[in-house]
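Data file: target.pdb. Format and content: PDB, C-alpha atoms, pLDDT in the B column.
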```
ATOM      1  CA  MET U   1      -3.242  27.854  -2.409  1.00 43.00           C
ATOM      2  CA  ALA U   2      -2.831  25.285   0.389  1.00 51.00           C
ATOM      3  CA  ASN U   3      -1.580  21.761  -0.209  1.00 67.00           C
ATOM      4  CA  PHE U   4      -3.666  18.931   1.162  1.00 66.00           C
ATOM      5  CA  ALA U   5      -4.456  15.298   0.451  1.00 72.00           C
ATOM      6  CA  ALA U   6      -7.934  13.895  -0.068  1.00 72.00           C
ATOM      7  CA  PRO U   7      -8.417  10.100  -0.182  1.00 71.00           C
ATOM      8  CA  THR U   8     -10.851   8.248  -2.376  1.00 74.00           C
ATOM      9  CA  VAL U   9     -11.636   4.563  -2.769  1.00 71.00           C
ATOM     10  CA  LEU U  10     -11.021   2.708  -6.045  1.00 66.00           C
ATOM     11  CA  ALA U  11     -13.994   0.409  -5.722  1.00 58.00           C
ATOM     12  CA  LYS U  12     -17.614   0.078  -6.553  1.00 60.00           C
ATOM     13  CA  PRO U  13     -19.991   1.149  -3.792  1.00 58.00           C
ATOM     14  CA  GLY U  14     -20.406  -1.693  -1.325  1.00 54.00           C
ATOM     15  CA  GLN U  15     -17.240  -3.529  -2.445  1.00 56.00           C
ATOM     16  CA  LYS U  16     -15.201  -4.657   0.557  1.00 56.00           C
ATOM     17  CA  GLY U  17     -11.778  -4.822  -1.087  1.00 57.00           C
ATOM     18  CA  GLY U  18      -9.542  -6.826  -3.373  1.00 59.00           C
ATOM     19  CA  ASP U  19      -9.989  -7.445  -7.073  1.00 63.00           C
ATOM     20  CA  VAL U  20      -8.951  -3.898  -7.974  1.00 79.00           C
ATOM     21  CA  LYS U  21      -9.426  -3.649 -11.723  1.00 86.00           C
ATOM     22  CA  PHE U  22      -7.169  -1.342 -13.720  1.00 92.00           C
ATOM     23  CA  ALA U  23     -10.052  -0.468 -16.044  1.00 89.00           C
ATOM     24  CA  ARG U  24     -11.826   1.069 -13.044  1.00 87.00           C
ATOM     25  CA  ALA U  25      -8.683   2.688 -11.637  1.00 90.00           C
ATOM     26  CA  VAL U  26      -7.678   4.289 -14.954  1.00 93.00           C
ATOM     27  CA  LYS U  27     -11.066   5.979 -15.200  1.00 92.00           C
ATOM     28  CA  ASP U  28     -10.923   7.304 -11.635  1.00 91.00           C
ATOM     29  CA  ILE U  29      -7.313   8.458 -12.046  1.00 93.00           C
ATOM     30  CA  GLY U  30      -8.243  10.224 -15.278  1.00 94.00           C
ATOM     31  CA  ASN U  31     -11.163  12.010 -13.616  1.00 93.00           C
ATOM     32  CA  TYR U  32      -8.791  13.437 -11.025  1.00 92.00           C
ATOM     33  CA  LEU U  33      -6.110  14.342 -13.561  1.00 94.00           C
ATOM     34  CA  LYS U  34      -8.730  16.351 -15.451  1.00 95.00           C
ATOM     35  CA  GLN U  35      -8.933  18.696 -12.459  1.00 91.00           C
ATOM     36  CA  ALA U  36      -6.515  21.627 -12.500  1.00 85.00           C
ATOM     37  CA  ASP U  37      -3.636  21.735 -10.018  1.00 86.00           C
ATOM     38  CA  VAL U  38      -4.199  18.177  -8.767  1.00 91.00           C
ATOM     39  CA  TYR U  39      -1.628  15.457  -8.300  1.00 93.00           C
ATOM     40  CA  VAL U  40      -2.858  11.877  -8.176  1.00 94.00           C
ATOM     41  CA  THR U  41      -1.346   8.907  -6.416  1.00 93.00           C
ATOM     42  CA  THR U  42      -2.443   5.387  -5.611  1.00 92.00           C
ATOM     43  CA  PHE U  43      -2.117   3.197  -2.539  1.00 91.00           C
ATOM     44  CA  VAL U  44      -3.243  -0.212  -3.683  1.00 89.00           C
ATOM     45  CA  ASP U  45      -2.312  -3.676  -2.451  1.00 87.00           C
ATOM     46  CA  TYR U  46      -0.480  -5.910  -4.939  1.00 86.00           C
ATOM     47  CA  TYR U  47      -2.433  -8.958  -3.827  1.00 80.00           C
ATOM     48  CA  GLY U  48      -5.723  -7.122  -4.296  1.00 79.00           C
ATOM     49  CA  LEU U  49      -4.965  -6.223  -7.906  1.00 85.00           C
ATOM     50  CA  ASN U  50      -6.836  -7.869 -10.740  1.00 85.00           C
ATOM     51  CA  LYS U  51      -4.806  -9.665 -13.409  1.00 87.00           C
ATOM     52  CA  ASP U  52      -5.501  -6.781 -15.832  1.00 89.00           C
ATOM     53  CA  TRP U  53      -3.220  -4.446 -13.852  1.00 93.00           C
ATOM     54  CA  PRO U  54      -0.185  -3.248 -15.864  1.00 96.00           C
ATOM     55  CA  GLY U  55       3.059  -4.985 -14.969  1.00 95.00           C
ATOM     56  CA  MET U  56       1.496  -8.052 -13.320  1.00 93.00           C
ATOM     57  CA  ALA U  57       3.377 -10.532 -15.507  1.00 91.00           C
ATOM     58  CA  ALA U  58       6.710  -8.795 -14.893  1.00 93.00           C
ATOM     59  CA  ALA U  59       6.005  -8.492 -11.164  1.00 92.00           C
ATOM     60  CA  LYS U  60       5.273 -12.209 -10.813  1.00 90.00           C
ATOM     61  CA  SER U  61       8.787 -13.008 -12.053  1.00 92.00           C
ATOM     62  CA  LYS U  62      10.382 -10.878  -9.307  1.00 92.00           C
ATOM     63  CA  LYS U  63      11.367 -12.087  -5.845  1.00 89.00           C
ATOM     64  CA  GLU U  64      12.197  -8.948  -3.853  1.00 92.00           C
ATOM     65  CA  PRO U  65       9.413  -6.557  -2.760  1.00 92.00           C
ATOM     66  CA  ALA U  66      11.267  -3.524  -4.174  1.00 93.00           C
ATOM     67  CA  GLN U  67      11.557  -5.229  -7.586  1.00 95.00           C
ATOM     68  CA  ILE U  68       7.868  -6.146  -7.553  1.00 94.00           C
ATOM     69  CA  ALA U  69       6.909  -2.591  -6.611  1.00 94.00           C
ATOM     70  CA  ASP U  70       9.155  -1.098  -9.278  1.00 95.00           C
ATOM     71  CA  ALA U  71       7.737  -3.349 -12.008  1.00 96.00           C
ATOM     72  CA  LEU U  72       4.154  -2.498 -11.082  1.00 96.00           C
ATOM     73  CA  ASN U  73       4.706   1.208 -10.485  1.00 96.00           C
ATOM     74  CA  GLU U  74       6.640   1.720 -13.723  1.00 97.00           C
ATOM     75  CA  ALA U  75       4.056  -0.165 -15.792  1.00 97.00           C
ATOM     76  CA  THR U  76       1.197   1.684 -14.095  1.00 96.00           C
ATOM     77  CA  LYS U  77       2.855   5.048 -14.736  1.00 97.00           C
ATOM     78  CA  THR U  78       3.443   4.147 -18.392  1.00 97.00           C
ATOM     79  CA  ALA U  79      -0.178   3.056 -18.860  1.00 97.00           C
ATOM     80  CA  ILE U  80      -1.534   6.238 -17.287  1.00 97.00           C
ATOM     81  CA  MET U  81       0.837   8.401 -19.340  1.00 97.00           C
ATOM     82  CA  GLN U  82      -0.350   6.670 -22.527  1.00 96.00           C
ATOM     83  CA  GLU U  83      -3.971   7.297 -21.572  1.00 95.00           C
ATOM     84  CA  TYR U  84      -3.620  10.814 -20.127  1.00 95.00           C
ATOM     85  CA  GLY U  85      -0.334  12.185 -21.426  1.00 91.00           C
ATOM     86  CA  GLU U  86      -2.021  15.394 -22.536  1.00 94.00           C
ATOM     87  CA  LEU U  87      -2.947  16.035 -18.878  1.00 95.00           C
ATOM     88  CA  ASN U  88       0.721  16.032 -17.817  1.00 93.00           C
ATOM     89  CA  ALA U  89       0.347  12.593 -16.211  1.00 94.00           C
ATOM     90  CA  ALA U  90       4.120  12.118 -16.339  1.00 94.00           C
ATOM     91  CA  LYS U  91       4.465  14.782 -13.658  1.00 93.00           C
ATOM     92  CA  ARG U  92       1.089  14.649 -11.920  1.00 94.00           C
ATOM     93  CA  PHE U  93       0.633  10.888 -11.399  1.00 95.00           C
ATOM     94  CA  ILE U  94       2.656   9.063  -8.745  1.00 95.00           C
ATOM     95  CA  PRO U  95       1.738   5.366  -8.521  1.00 95.00           C
ATOM     96  CA  TYR U  96       2.259   3.344  -5.357  1.00 95.00           C
ATOM     97  CA  VAL U  97       1.505  -0.334  -5.182  1.00 92.00           C
ATOM     98  CA  ALA U  98       2.048  -1.694  -1.673  1.00 90.00           C
ATOM     99  CA  VAL U  99       3.641  -5.070  -2.232  1.00 88.00           C
ATOM    100  CA  HIS U 100       1.904  -6.348   0.865  1.00 84.00           C
ATOM    101  CA  GLU U 101      -1.134  -5.232   2.788  1.00 86.00           C
ATOM    102  CA  TYR U 102      -1.297  -2.018   4.758  1.00 88.00           C
ATOM    103  CA  GLU U 103      -0.861  -4.131   7.911  1.00 93.00           C
ATOM    104  CA  ALA U 104       2.769  -4.790   6.944  1.00 94.00           C
ATOM    105  CA  LEU U 105       3.458  -1.213   8.056  1.00 96.00           C
ATOM    106  CA  LEU U 106       2.161  -2.070  11.529  1.00 97.00           C
ATOM    107  CA  PHE U 107       5.064  -4.481  12.021  1.00 97.00           C
ATOM    108  CA  SER U 108       7.417  -1.456  12.002  1.00 97.00           C
ATOM    109  CA  SER U 109       7.245  -1.314  15.785  1.00 97.00           C
ATOM    110  CA  PRO U 110       6.858  -4.768  17.357  1.00 97.00           C
ATOM    111  CA  ASP U 111       6.574  -3.357  20.883  1.00 97.00           C
ATOM    112  CA  ILE U 112       3.745  -0.962  20.014  1.00 97.00           C
ATOM    113  CA  LEU U 113       1.927  -3.510  17.854  1.00 97.00           C
ATOM    114  CA  ALA U 114       2.114  -6.064  20.688  1.00 97.00           C
ATOM    115  CA  LYS U 115       0.972  -3.532  23.283  1.00 96.00           C
ATOM    116  CA  GLU U 116      -1.969  -2.284  21.197  1.00 94.00           C
ATOM    117  CA  LEU U 117      -3.126  -5.813  20.334  1.00 94.00           C
ATOM    118  CA  LYS U 118      -2.384  -7.136  23.835  1.00 94.00           C
ATOM    119  CA  VAL U 119      -0.231  -9.974  22.509  1.00 96.00           C
ATOM    120  CA  ARG U 120       3.332 -11.083  23.224  1.00 97.00           C
ATOM    121  CA  GLU U 121       6.030  -9.011  21.544  1.00 97.00           C
ATOM    122  CA  SER U 122       8.034 -12.208  21.026  1.00 97.00           C
ATOM    123  CA  ASP U 123       5.286 -13.471  18.687  1.00 97.00           C
ATOM    124  CA  ILE U 124       5.562 -10.303  16.593  1.00 97.00           C
ATOM    125  CA  LEU U 125       9.364 -10.523  16.566  1.00 97.00           C
ATOM    126  CA  LYS U 126       9.189 -14.146  15.430  1.00 96.00           C
ATOM    127  CA  ILE U 127       7.209 -13.079  12.339  1.00 96.00           C
ATOM    128  CA  ILE U 128       9.626 -10.247  11.541  1.00 95.00           C
ATOM    129  CA  ASN U 129      12.678 -12.466  12.045  1.00 95.00           C
ATOM    130  CA  GLU U 130      11.153 -15.139   9.811  1.00 93.00           C
ATOM    131  CA  CYS U 131      10.458 -12.651   7.003  1.00 92.00           C
ATOM    132  CA  GLY U 132      13.344 -10.201   7.408  1.00 91.00           C
ATOM    133  CA  GLU U 133      11.470  -6.882   7.482  1.00 93.00           C
ATOM    134  CA  PRO U 134       7.878  -5.580   7.485  1.00 95.00           C
ATOM    135  CA  GLU U 135       7.644  -5.133   3.711  1.00 93.00           C
ATOM    136  CA  LYS U 136       8.607  -8.802   3.214  1.00 92.00           C
ATOM    137  CA  ILE U 137       5.859 -10.218   5.435  1.00 91.00           C
ATOM    138  CA  ASN U 138       3.831 -12.443   3.157  1.00 81.00           C
ATOM    139  CA  ASP U 139       3.960 -15.932   1.768  1.00 65.00           C
ATOM    140  CA  SER U 140       0.400 -16.686   0.793  1.00 74.00           C
ATOM    141  CA  VAL U 141      -3.207 -15.702   1.322  1.00 78.00           C
ATOM    142  CA  GLN U 142      -3.028 -17.434   4.713  1.00 81.00           C
ATOM    143  CA  THR U 143       0.125 -15.619   5.873  1.00 86.00           C
ATOM    144  CA  ALA U 144      -0.530 -12.084   4.655  1.00 89.00           C
ATOM    145  CA  PRO U 145       0.194  -9.414   7.285  1.00 93.00           C
ATOM    146  CA  SER U 146      -3.456  -9.082   8.326  1.00 91.00           C
ATOM    147  CA  LYS U 147      -3.820 -12.875   8.596  1.00 92.00           C
ATOM    148  CA  ARG U 148      -0.739 -13.035  10.792  1.00 94.00           C
ATOM    149  CA  ILE U 149      -2.168 -10.328  13.052  1.00 95.00           C
ATOM    150  CA  ILE U 150      -5.527 -12.126  13.187  1.00 94.00           C
ATOM    151  CA  SER U 151      -3.744 -15.358  14.155  1.00 94.00           C
ATOM    152  CA  LEU U 152      -2.375 -13.510  17.192  1.00 95.00           C
ATOM    153  CA  CYS U 153      -5.463 -11.420  17.935  1.00 94.00           C
ATOM    154  CA  LYS U 154      -8.787 -12.766  16.629  1.00 92.00           C
ATOM    155  CA  LYS U 155     -10.698  -9.543  17.361  1.00 91.00           C
ATOM    156  CA  TYR U 156      -8.551  -7.677  14.826  1.00 91.00           C
ATOM    157  CA  GLU U 157     -10.553  -9.229  11.961  1.00 88.00           C
ATOM    158  CA  ASN U 158     -13.712  -7.335  12.966  1.00 87.00           C
ATOM    159  CA  MET U 159     -11.922  -4.169  14.076  1.00 85.00           C
ATOM    160  CA  LYS U 160      -9.322  -3.694  11.321  1.00 86.00           C
ATOM    161  CA  THR U 161     -10.296  -0.160  10.424  1.00 84.00           C
ATOM    162  CA  ILE U 162     -10.440   1.053  14.022  1.00 89.00           C
ATOM    163  CA  THR U 163      -7.592  -0.950  15.541  1.00 90.00           C
ATOM    164  CA  GLY U 164      -5.347  -0.665  12.479  1.00 90.00           C
ATOM    165  CA  VAL U 165      -5.614   3.118  12.501  1.00 92.00           C
ATOM    166  CA  ALA U 166      -5.020   3.275  16.263  1.00 94.00           C
ATOM    167  CA  VAL U 167      -1.906   1.110  15.963  1.00 95.00           C
ATOM    168  CA  ALA U 168      -0.616   3.176  13.017  1.00 95.00           C
ATOM    169  CA  LYS U 169      -1.067   6.402  14.988  1.00 96.00           C
ATOM    170  CA  ALA U 170       0.727   4.934  17.992  1.00 97.00           C
ATOM    171  CA  ILE U 171       3.653   3.790  15.811  1.00 97.00           C
ATOM    172  CA  GLY U 172       3.955   7.017  13.840  1.00 97.00           C
ATOM    173  CA  ILE U 173       4.899   7.680  10.264  1.00 96.00           C
ATOM    174  CA  GLU U 174       8.629   8.154  10.957  1.00 97.00           C
ATOM    175  CA  LYS U 175       9.028   4.668  12.419  1.00 97.00           C
ATOM    176  CA  MET U 176       7.130   3.198   9.466  1.00 97.00           C
ATOM    177  CA  ARG U 177       9.397   5.044   7.068  1.00 97.00           C
ATOM    178  CA  GLU U 178      12.474   3.837   8.897  1.00 97.00           C
ATOM    179  CA  LYS U 179      11.431   0.189   8.642  1.00 96.00           C
ATOM    180  CA  CYS U 180       9.623   0.233   5.271  1.00 96.00           C
ATOM    181  CA  PRO U 181      11.856   1.676   2.525  1.00 95.00           C
ATOM    182  CA  ILE U 182       9.392   1.178  -0.361  1.00 95.00           C
ATOM    183  CA  PHE U 183       6.712   3.059   1.566  1.00 95.00           C
ATOM    184  CA  SER U 184       9.222   5.765   2.529  1.00 96.00           C
ATOM    185  CA  ARG U 185      10.344   6.202  -1.085  1.00 96.00           C
ATOM    186  CA  TRP U 186       6.723   6.816  -2.114  1.00 95.00           C
ATOM    187  CA  LEU U 187       6.222   9.416   0.627  1.00 95.00           C
ATOM    188  CA  THR U 188       9.454  11.139  -0.395  1.00 95.00           C
ATOM    189  CA  SER U 189       8.168  11.417  -3.966  1.00 94.00           C
ATOM    190  CA  LEU U 190       5.004  13.078  -2.639  1.00 92.00           C
ATOM    191  CA  GLU U 191       6.994  15.423  -0.399  1.00 92.00           C
ATOM    192  CA  ASN U 192       9.108  16.468  -3.363  1.00 90.00           C
ATOM    193  CA  LEU U 193       5.989  17.888  -5.012  1.00 86.00           C
ATOM    194  CA  ARG U 194       6.145  20.916  -2.702  1.00 67.00           C
TER     195      ARG U 194
END
```
Rewrite the structure of this file - the entire thing - as structure tokens.
Amino acid sequence: MANFAAPTVLAKPGQKGGDVKFARAVKDIGNYLKQADVYVTTFVDYYGLNKDWPGMAAAKSKKEPAQIADALNEATKTAIMQEYGELNAAKRFIPYVAVHEYEALLFSSPDILAKELKVRESDILKIINECGEPEKINDSVQTAPSKRIISLCKKYENMKTITGVAVAKAIGIEKMREKCPIFSRWLTSLENLR
């Protein structure tokens, strides 16, 4: 049997994003765990999670992105194991909460991001230097990674899905892994399923 990944969206039809409720996610995760020979993972944005998500209180007391991710991922895993332990959720469920938006990964290569957006690389570098690394880019709703990109390139707001994918392809997964250790750790856990 071949290994492959198939994405799905944890949202109601027509929902644009954000406000990801755990009650909805737990049902969807359970539906996939009920299928034989399936592993389930998540890729959800911390700032899009509803307050009902496991580990939110613990995560809010953390400062470092890795600590926030660990608190959320551990609590999510525990909640899913409690709900679906009989389906071997301990082995078959691998949670990943991106501490910041997907766009944080695009800051992994300032030169490519600048080239693809047709903006100055120095503006991208200023953001990275201010924050320290791509997975630390965020301060508020106004300075989330996508908002920072939009501040440099207004057209990105209406072309996120097309431009974001194009930039990600140009950067490549290896560069993202090199610059984003939380993201890389998640991918390693998926690779170890082989």
Legend entry - Atomic separation - atom CA of U:Ala114 relative to atom CA of U:Trp186, Å: 26.6 Å
Inset, instruction - Using only C-alpha atoms, determine which residues lie at most 10 Å from U:Glu135, disregarding the query and same-chain residues fewer than 6 positions distant; provide the list as a list of chain:residue names. - result: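 Contacts, in chain order: U:Glu64, U:Pro65, U:Ala66, U:Ala98, U:Val99, U:His100, U:Glu101, U:Tyr102, U:Glu103, U:Ala104, U:Leu105, U:Phe107, U:Ser108, U:Ile128, U:Pro145, U:Lys179, U:Cys180, U:Pro181, U:Ile182, U:Phe183.
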Inset, instruction - Step by step, work through what the PyMOL selection byres ((chain U and resi 143) around 12) selects in the shown file, and finish by giving those residues as a PyMOL selection string. - result: chain U and resi 100-101+103-104+127+130-131+136-142+144-152
Could you give me, as a tab-separated table, a per-residue list for stretch 74-102 of chain U showing, wherever an atom lies at most 9 Å from an atom of stretch 28-46 of chain U, the closest pair of atoms and their distance in Å to one decimal, using only C-alpha atoms and sorting by chain then residue number from low to high?
```
residue	atom	partner	partner_atom	distance
U:Ile80	CA	U:Gly30	CA	8.1
U:Glu83	CA	U:Gly30	CA	8.2
U:Tyr84	CA	U:Gly30	CA	6.7
U:Leu87	CA	U:Leu33	CA	6.4
U:Asn88	CA	U:Leu33	CA	8.2
U:Ala89	CA	U:Leu33	CA	7.2
U:Lys91	CA	U:Tyr39	CA	8.1
U:Arg92	CA	U:Tyr39	CA	4.6
U:Phe93	CA	U:Val40	CA	4.9
U:Ile94	CA	U:Thr41	CA	4.6
U:Pro95	CA	U:Thr42	CA	5.1
U:Tyr96	CA	U:Thr42	CA	5.1
U:Val97	CA	U:Val44	CA	5.0
U:Ala98	CA	U:Asp45	CA	4.9
U:Val99	CA	U:Tyr46	CA	5.0
U:His100	CA	U:Asp45	CA	6.0
U:Glu101	CA	U:Asp45	CA	5.6
U:Tyr102	CA	U:Asp45	CA	7.5
```
Inset, instruction - List, as a VMD selection string, every residue that the PyMOL selection byres ((chain U and resi 174) around 12) selects in the file provided. - result: chain U and resid 105 108 to 109 168 to 173 175 to 181 183 to 184 187 to 188
Shell of 10 Å around U:Ala59, only C-alpha atoms, local chain residues under 4 positions omitted, as a PDB file with C-alpha atoms, in the frame of the given file:
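Generated output (result-v1.pdb):
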```
ATOM      1  CA  TYR U  46      -0.480  -5.910  -4.939  1.00 86.00           C
ATOM      2  CA  PRO U  54      -0.185  -3.248 -15.864  1.00 96.00           C
ATOM      3  CA  GLY U  55       3.059  -4.985 -14.969  1.00 95.00           C
ATOM      4  CA  LYS U  63      11.367 -12.087  -5.845  1.00 89.00           C
ATOM      5  CA  GLU U  64      12.197  -8.948  -3.853  1.00 92.00           C
ATOM      6  CA  PRO U  65       9.413  -6.557  -2.760  1.00 92.00           C
ATOM      7  CA  GLN U  67      11.557  -5.229  -7.586  1.00 95.00           C
ATOM      8  CA  ILE U  68       7.868  -6.146  -7.553  1.00 94.00           C
ATOM      9  CA  ALA U  69       6.909  -2.591  -6.611  1.00 94.00           C
ATOM     10  CA  ASP U  70       9.155  -1.098  -9.278  1.00 95.00           C
ATOM     11  CA  ALA U  71       7.737  -3.349 -12.008  1.00 96.00           C
ATOM     12  CA  LEU U  72       4.154  -2.498 -11.082  1.00 96.00           C
ATOM     13  CA  ASN U  73       4.706   1.208 -10.485  1.00 96.00           C
ATOM     14  CA  ALA U  75       4.056  -0.165 -15.792  1.00 97.00           C
ATOM     15  CA  VAL U  99       3.641  -5.070  -2.232  1.00 88.00           C
TER      16      VAL U  99
END
```
Using only the atoms of stretch 37-44 of chain U listed in the file, plus 4 Å on each side, state the axis-aligned box centre and edge lengths in Å rounded to one decimal, as JSON.
```
{"center_x": -2.8, "center_y": 10.8, "center_z": -6.3, "size_x": 10.9, "size_y": 29.9, "size_z": 15.5}
```
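Interatomic distance, atom CA of U:Cys153 against atom CA of U:Val119: 7.1 Å.
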Legend entry - Which residue of U:Phe22, U:Tyr47, U:Trp53, U:Tyr156 approaches U:Lys118 most closely, using all atoms listed in the file: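 That would be U:Tyr156, the residue with the smallest distance to U:Lys118.
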Inset, instruction - Calculate how many Å separate atom CA of U:Lys160 from atom CA of U:Glu133, rounding to one decimal. - result: 21.4 Å
Inset, instruction - Point out the residue among U:Leu117, U:Ala23, U:Lys60, U:Ala90 with the least atom-to-atom distance to U:Lys77, counting only C-alpha atoms. - result: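 With only C-alpha atoms as the atom set, the closest residue is U:Ala90.
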Legend entry - From U:Lys154, U:Leu113, U:Arg120, U:Arg185, residue lying nearest U:Val167 [only C-alpha atoms]: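 Smallest separation from U:Val167 among the options: U:Leu113.
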Legend entry - Using all atoms listed in the file: which of U:Pro110, U:Lys27, U:Glu116, U:Met81 has the shortest distance to U:Asn129: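 Of U:Pro110, U:Lys27, U:Glu116, U:Met81, the one nearest U:Asn129 is U:Pro110, counting all atoms listed in the file.
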